[in-house]
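Here is final-v4.cif, consisting of mmCIF, C-alpha atoms:
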data_work
loop_
_atom_site.label_atom_id
_atom_site.label_comp_id
_atom_site.auth_asym_id
_atom_site.auth_seq_id
_atom_site.Cartn_x
_atom_site.Cartn_y
_atom_site.Cartn_z
CA MET G 1 55.55 145.88 74.99
CA ASN G 2 55.51 142.13 74.54
CA ASN G 3 58.74 141.38 72.70
CA SER G 4 56.91 139.30 70.10
CA THR G 5 54.30 141.96 69.34
CA PRO G 6 55.11 145.01 67.17
CA ALA G 7 54.71 148.12 69.30
CA LEU G 8 53.13 150.12 66.48
CA GLU G 9 50.48 147.47 65.97
CA VAL G 10 49.66 147.42 69.69
CA MET G 11 49.40 151.20 69.93
CA ALA G 12 47.25 151.35 66.81
CA ILE G 13 44.66 149.37 68.77
CA LEU G 14 45.15 150.48 72.36
CA GLY G 15 45.79 154.11 71.41
CA LYS G 16 42.20 154.43 70.21
CA ASP G 17 41.23 154.53 73.88
CA PRO G 18 42.40 158.00 74.99
CA ILE G 19 42.43 157.09 78.69
CA LEU G 20 44.49 153.97 78.12
CA ALA G 21 46.77 155.84 75.70
CA THR G 22 47.58 158.30 78.50
CA ILE G 23 48.24 155.50 80.98
CA ILE G 24 50.63 153.84 78.54
CA SER G 25 52.43 157.08 77.70
CA GLN G 26 53.03 157.72 81.41
CA GLY G 27 54.07 154.13 82.17
CA ARG G 28 57.30 152.17 81.98
CA PRO G 29 58.03 149.76 79.12
CA LEU G 30 56.82 146.25 79.88
CA THR G 31 59.41 143.54 80.36
CA SER G 32 59.13 139.90 79.35
CA SER G 33 58.26 137.36 82.03
CA LYS G 34 57.80 134.37 79.74
CA SER G 35 58.63 130.92 81.10
CA GLU G 36 58.38 127.56 79.38
CA ASP G 37 58.18 125.73 82.72
CA LEU G 38 54.47 125.95 83.44
CA TYR G 39 54.68 123.13 85.99
CA TYR G 40 57.15 125.08 88.12
CA LYS G 41 55.06 128.26 87.80
CA LEU G 42 51.93 126.39 88.88
CA LEU G 43 53.69 125.08 91.98
CA SER G 44 54.89 128.58 92.80
CA ALA G 45 51.36 129.93 92.39
CA ILE G 46 49.95 127.28 94.73
CA VAL G 47 52.55 128.00 97.41
CA SER G 48 51.94 131.76 97.09
CA GLN G 49 48.19 131.58 97.68
CA GLN G 50 47.06 133.70 100.67
CA LEU G 51 50.62 134.64 101.60
CA SER G 52 52.60 137.86 101.41
CA THR G 53 55.12 138.05 98.57
CA LYS G 54 58.03 137.74 101.02
CA ALA G 55 56.59 134.76 102.90
CA ALA G 56 55.67 133.00 99.66
CA ALA G 57 59.17 133.47 98.25
CA THR G 58 60.76 132.09 101.44
CA ILE G 59 58.57 128.99 101.54
CA PHE G 60 58.88 128.27 97.83
CA LYS G 61 62.67 128.58 98.08
CA ARG G 62 62.68 126.07 100.94
CA PHE G 63 60.34 123.79 98.99
CA SER G 64 62.53 123.88 95.86
CA GLU G 65 65.78 123.41 97.79
CA PHE G 66 64.34 120.36 99.52
CA PHE G 67 64.75 118.42 96.25
CA PRO G 68 67.92 117.43 94.34
CA GLU G 69 69.14 120.12 91.94
CA ASN G 70 66.69 122.48 93.67
CA TYR G 71 63.91 121.26 91.42
CA PRO G 72 60.68 119.54 92.55
CA HIS G 73 60.31 116.94 89.82
CA PRO G 74 56.75 115.52 89.81
CA GLU G 75 57.75 112.00 90.85
CA LEU G 76 59.76 113.37 93.79
CA VAL G 77 56.88 115.56 94.98
CA LEU G 78 54.53 112.58 94.82
CA ALA G 79 57.01 110.44 96.76
CA ALA G 80 57.54 113.03 99.53
CA THR G 81 55.70 112.38 102.81
CA ASP G 82 53.41 114.84 104.56
CA GLU G 83 56.06 115.33 107.23
CA MET G 84 58.69 116.22 104.63
CA LEU G 85 56.47 118.78 102.94
CA ARG G 86 55.21 120.21 106.23
CA SER G 87 58.83 120.79 107.24
CA VAL G 88 59.28 123.40 104.50
CA GLY G 89 56.22 125.34 105.63
CA LEU G 90 53.37 123.96 103.51
CA SER G 91 49.93 123.56 105.05
CA PHE G 92 48.14 120.24 104.68
CA GLN G 93 45.80 121.86 102.14
CA LYS G 94 48.70 123.10 100.02
CA ILE G 95 50.41 119.72 100.27
CA GLY G 96 47.35 118.25 98.61
CA TYR G 97 47.36 120.95 95.95
CA VAL G 98 51.05 120.59 95.02
CA ARG G 99 50.55 116.85 94.75
CA ASN G 100 47.59 117.47 92.44
CA VAL G 101 49.82 119.61 90.20
CA ALA G 102 52.60 117.02 90.30
CA ALA G 103 50.19 114.20 89.39
CA PHE G 104 48.78 116.29 86.52
CA ALA G 105 52.29 116.91 85.21
CA ALA G 106 53.36 113.29 85.67
CA ALA G 107 50.42 112.24 83.49
CA GLY G 108 51.81 114.38 80.65
CA ASN G 109 49.15 117.05 80.90
CA LEU G 110 51.63 119.94 81.05
CA ASP G 111 53.75 118.96 78.04
CA HIS G 112 54.68 121.91 75.83
CA ALA G 113 52.89 120.43 72.83
CA THR G 114 49.68 120.04 74.82
CA ILE G 115 49.78 123.56 76.28
CA ASP G 116 50.79 125.30 73.06
CA ALA G 117 48.01 123.61 71.09
CA LEU G 118 45.25 124.94 73.37
CA GLU G 119 43.54 128.29 72.88
CA ASP G 120 43.09 130.47 75.97
CA GLU G 121 39.60 129.31 76.99
CA ALA G 122 40.45 125.65 76.40
CA LEU G 123 43.65 126.04 78.42
CA ILE G 124 41.72 127.61 81.29
CA LEU G 125 39.37 124.61 81.32
CA HIS G 126 42.34 122.25 81.08
CA LEU G 127 44.25 123.71 84.03
CA THR G 128 41.31 124.41 86.33
CA GLN G 129 40.70 120.65 86.37
CA ILE G 130 43.47 120.63 88.98
CA LYS G 131 42.00 121.00 92.46
CA GLY G 132 43.60 124.08 94.00
CA VAL G 133 44.11 125.88 90.68
CA GLY G 134 41.45 128.50 90.08
CA LEU G 135 40.55 130.85 87.25
CA TRP G 136 42.61 133.80 88.54
CA THR G 137 45.72 131.66 88.91
CA VAL G 138 45.41 130.37 85.36
CA GLU G 139 44.78 133.86 83.98
CA MET G 140 47.99 135.08 85.65
CA LEU G 141 49.92 132.17 84.15
CA LEU G 142 48.49 132.89 80.71
CA MET G 143 49.40 136.57 80.99
CA PHE G 144 52.86 136.27 82.52
CA ALA G 145 54.38 132.80 82.09
CA LEU G 146 52.88 132.18 78.64
CA GLU G 147 52.46 135.82 77.57
CA ARG G 148 49.17 135.14 75.81
CA PRO G 149 48.25 138.58 74.42
CA ASP G 150 44.48 138.76 74.91
CA VAL G 151 43.60 137.80 78.49
CA PHE G 152 41.42 140.05 80.63
CA PRO G 153 41.16 139.11 84.35
CA VAL G 154 37.89 140.89 85.10
CA ASP G 155 37.72 139.56 88.67
CA ASP G 156 41.19 140.82 89.62
CA LEU G 157 40.95 143.46 92.34
CA GLY G 158 43.86 145.47 90.97
CA ILE G 159 42.31 145.69 87.50
CA GLN G 160 38.98 146.64 89.05
CA ASN G 161 40.56 149.39 91.15
CA ALA G 162 42.56 150.76 88.22
CA MET G 163 39.55 150.90 85.91
CA LYS G 164 37.32 152.42 88.60
CA ARG G 165 39.93 155.13 89.12
CA HIS G 166 40.83 155.91 85.52
CA TYR G 167 37.39 155.44 83.96
CA SER G 168 35.41 156.91 86.89
CA LEU G 169 33.35 153.75 87.24
CA GLU G 170 30.90 153.77 90.14
CA GLU G 171 29.32 150.36 89.62
CA THR G 172 30.02 147.40 91.89
CA GLY G 173 29.61 143.65 91.56
CA LYS G 174 28.26 142.23 88.33
CA PRO G 175 27.40 145.65 86.77
CA LEU G 176 31.04 146.71 87.32
CA ARG G 177 32.40 143.58 85.65
CA LEU G 178 30.04 143.98 82.70
CA ARG G 179 31.11 147.62 82.24
CA MET G 180 34.78 146.63 82.45
CA GLN G 181 34.29 143.94 79.83
CA GLN G 182 32.57 146.43 77.54
CA LEU G 183 35.49 148.83 77.80
CA ALA G 184 38.02 146.04 77.35
CA GLU G 185 36.40 144.91 74.09
CA ASN G 186 38.10 147.92 72.50
CA TRP G 187 41.49 146.54 73.49
CA ARG G 188 41.23 143.20 71.68
CA PRO G 189 43.46 141.41 70.73
CA TYR G 190 45.85 143.01 73.25
CA ARG G 191 43.88 142.99 76.50
CA THR G 192 46.85 141.43 78.35
CA ILE G 193 49.06 144.40 77.53
CA ALA G 194 46.32 146.85 78.48
CA SER G 195 45.86 145.03 81.79
CA LYS G 196 49.57 145.11 82.57
CA TYR G 197 49.63 148.88 82.09
CA LEU G 198 46.55 149.23 84.30
CA TRP G 199 48.30 147.26 87.05
CA GLN G 200 51.43 149.31 86.58
CA SER G 201 49.41 152.51 87.00
CA LEU G 202 48.66 151.33 90.54
CA ASP G 203 52.19 149.96 91.08
CA ASN G 204 50.41 146.66 91.57
CA MET G 205 51.96 144.31 89.02
CA PRO G 206 51.49 140.64 90.03
CA LYS G 207 54.70 138.62 90.23
#
Before anything else, please render the file you have as structure tokens.
Amino acid sequence: MNNSTPALEVMAILGKDPILATIISQGRPLTSSKSEDLYYKLLSAIVSQQLSTKAAATIFKRFSEFFPENYPHPELVLAATDEMLRSVGLSFQKIGYVRNVAAFAAAGNLDHATIDALEDEALILHLTQIKGVGLWTVEMLLMFALERPDVFPVDDLGIQNAMKRHYSLEETGKPLRLRMQQLAENWRPYRTIASKYLWQSLDNMPK
């Protein structure tokens, strides 16, 4: 369970769903993945887009090590040339995206006080202003880096597959998403934890 959330309180809610209760009882305890460095996590997410986990890790390691202290401070990313960033394996599109994130951070838009003050929906709107950062990426950051407890990524393929399997859902497209959202209403305010156990049931936990 989330270290900051009492396990009994979580199970009192999630355990009302017998299917989810079984999934949780058969699963492994969740571990914390919280990070206060949302800027760094956003850069990692951008680099990882459309790449295998191994390839993404290799390129992001090269990208980080390119900078002093192995850290891509916003002003250094903005000062780096296309040639420098291409040399670590970034496409021209991703170069634009990492610069967008760096510029957003340099403007003070990723300060802890700003992020912590925003509710989930407001934070999604705030971060998706950045070109290259979509809804799914922000939902993953909310769930893992920030450990917000009540996020439900209805468009995530892993969540869709897990719910289709465990809840015998036969719908597709919009009807599927609506049915998933109906089921997930019963998991509030701990839809993040429910989702993590659903991923785990497929051995498909995002990194």
Selection: 9 Å around G:Gly89, all atoms listed in the file, excl. self and same-chain fewer than 2 positions, as a list of chain:residue names |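 Result of the neighbour search: G:Ile59, G:Phe60, G:Arg62, G:Phe63, G:Leu85, G:Arg86, G:Ser87, G:Ser91.
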Atom CA of G:Ile159 to atom CA of G:Leu178, distance in Å rounded to a single decimal = 13.3 Å
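One distance worth recording is that between atom CA of G:Gly27 and atom CA of G:Glu171, which is 26.1 Å.
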Once you count only C-alpha atoms, what closest atom pair and distance in Å to one decimal does each residue of stretch 167-186 of chain G within 10 Å of stretch 3-21 of chain G have, with rows by chain and rising residue number, as a Markdown table?
| residue | atom | partner | partner_atom | distance |
| --- | --- | --- | --- | --- |
| G:Tyr167 | CA | G:Ile19 | CA | 7.5 |
| G:Leu183 | CA | G:Asp17 | CA | 9.0 |
| G:Ala184 | CA | G:Asp17 | CA | 9.7 |
| G:Asn186 | CA | G:Asp17 | CA | 7.4 |
Do you know which residues are at most 10 Å from G:Ser64 counting only C-alpha atoms, after dropping those on the same chain fewer than 5 positions away, and could you put them as a ChimeraX atom specification?
-> /G:40,43-44,59,69-73,88
The PyMOL selection byres ((chain G and resi 108-125) around 10) on the file shown: which residues, as a PyMOL selection string?
-> chain G and resi 36-39+101-107+126-130+133-139+141-142+146+148-151
Set up a box along x, y and z of the file covering all listed atoms of stretch 181-195 of chain G, add 8 Å on every one of the six sides, and write the centre and edge lengths in Å to one decimal, as AutoDock Vina command-line options.
--center_x 40.8 --center_y 145.1 --center_z 76.3 --size_x 32.5 --size_y 23.4 --size_z 27.1
Starting from the shown file, work through the PyMOL selection byres ((chain G and resi 28) around 10) and note down what comes out as number ranges by chain.
-> G: 1, 23-27, 29-31, 197, 200-201
What is the distance between atom CA of G:Lys94 and atom CA of G:Gln49, in Å to one decimal?
-> 8.8 Å
From the list G:Asn161, G:Leu169, G:Phe152, G:Leu202, which residue is nearest G:Glu185 when using all atoms listed in the file?
->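 Distance minimum relative to G:Glu185 lands on G:Phe152.
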In terms of the shortest atom-to-atom distance over only C-alpha atoms, which of G:Ala56, G:Arg191, G:Met180, G:Ser48 is closest to G:Lys164?
-> G:Met180
Nearest to G:Lys61, chosen from G:Ser35, G:Leu90, G:Val154, G:Leu76, with only C-alpha atoms counted in the distances |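 Using only C-alpha atoms, G:Lys61 sits closest to G:Leu90.
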Find, counting all atoms listed in the file, the residue in G:Ala145, G:Thr58, G:Gly96, G:Phe67 that gets nearest to G:Ser33.
-> G:Ala145
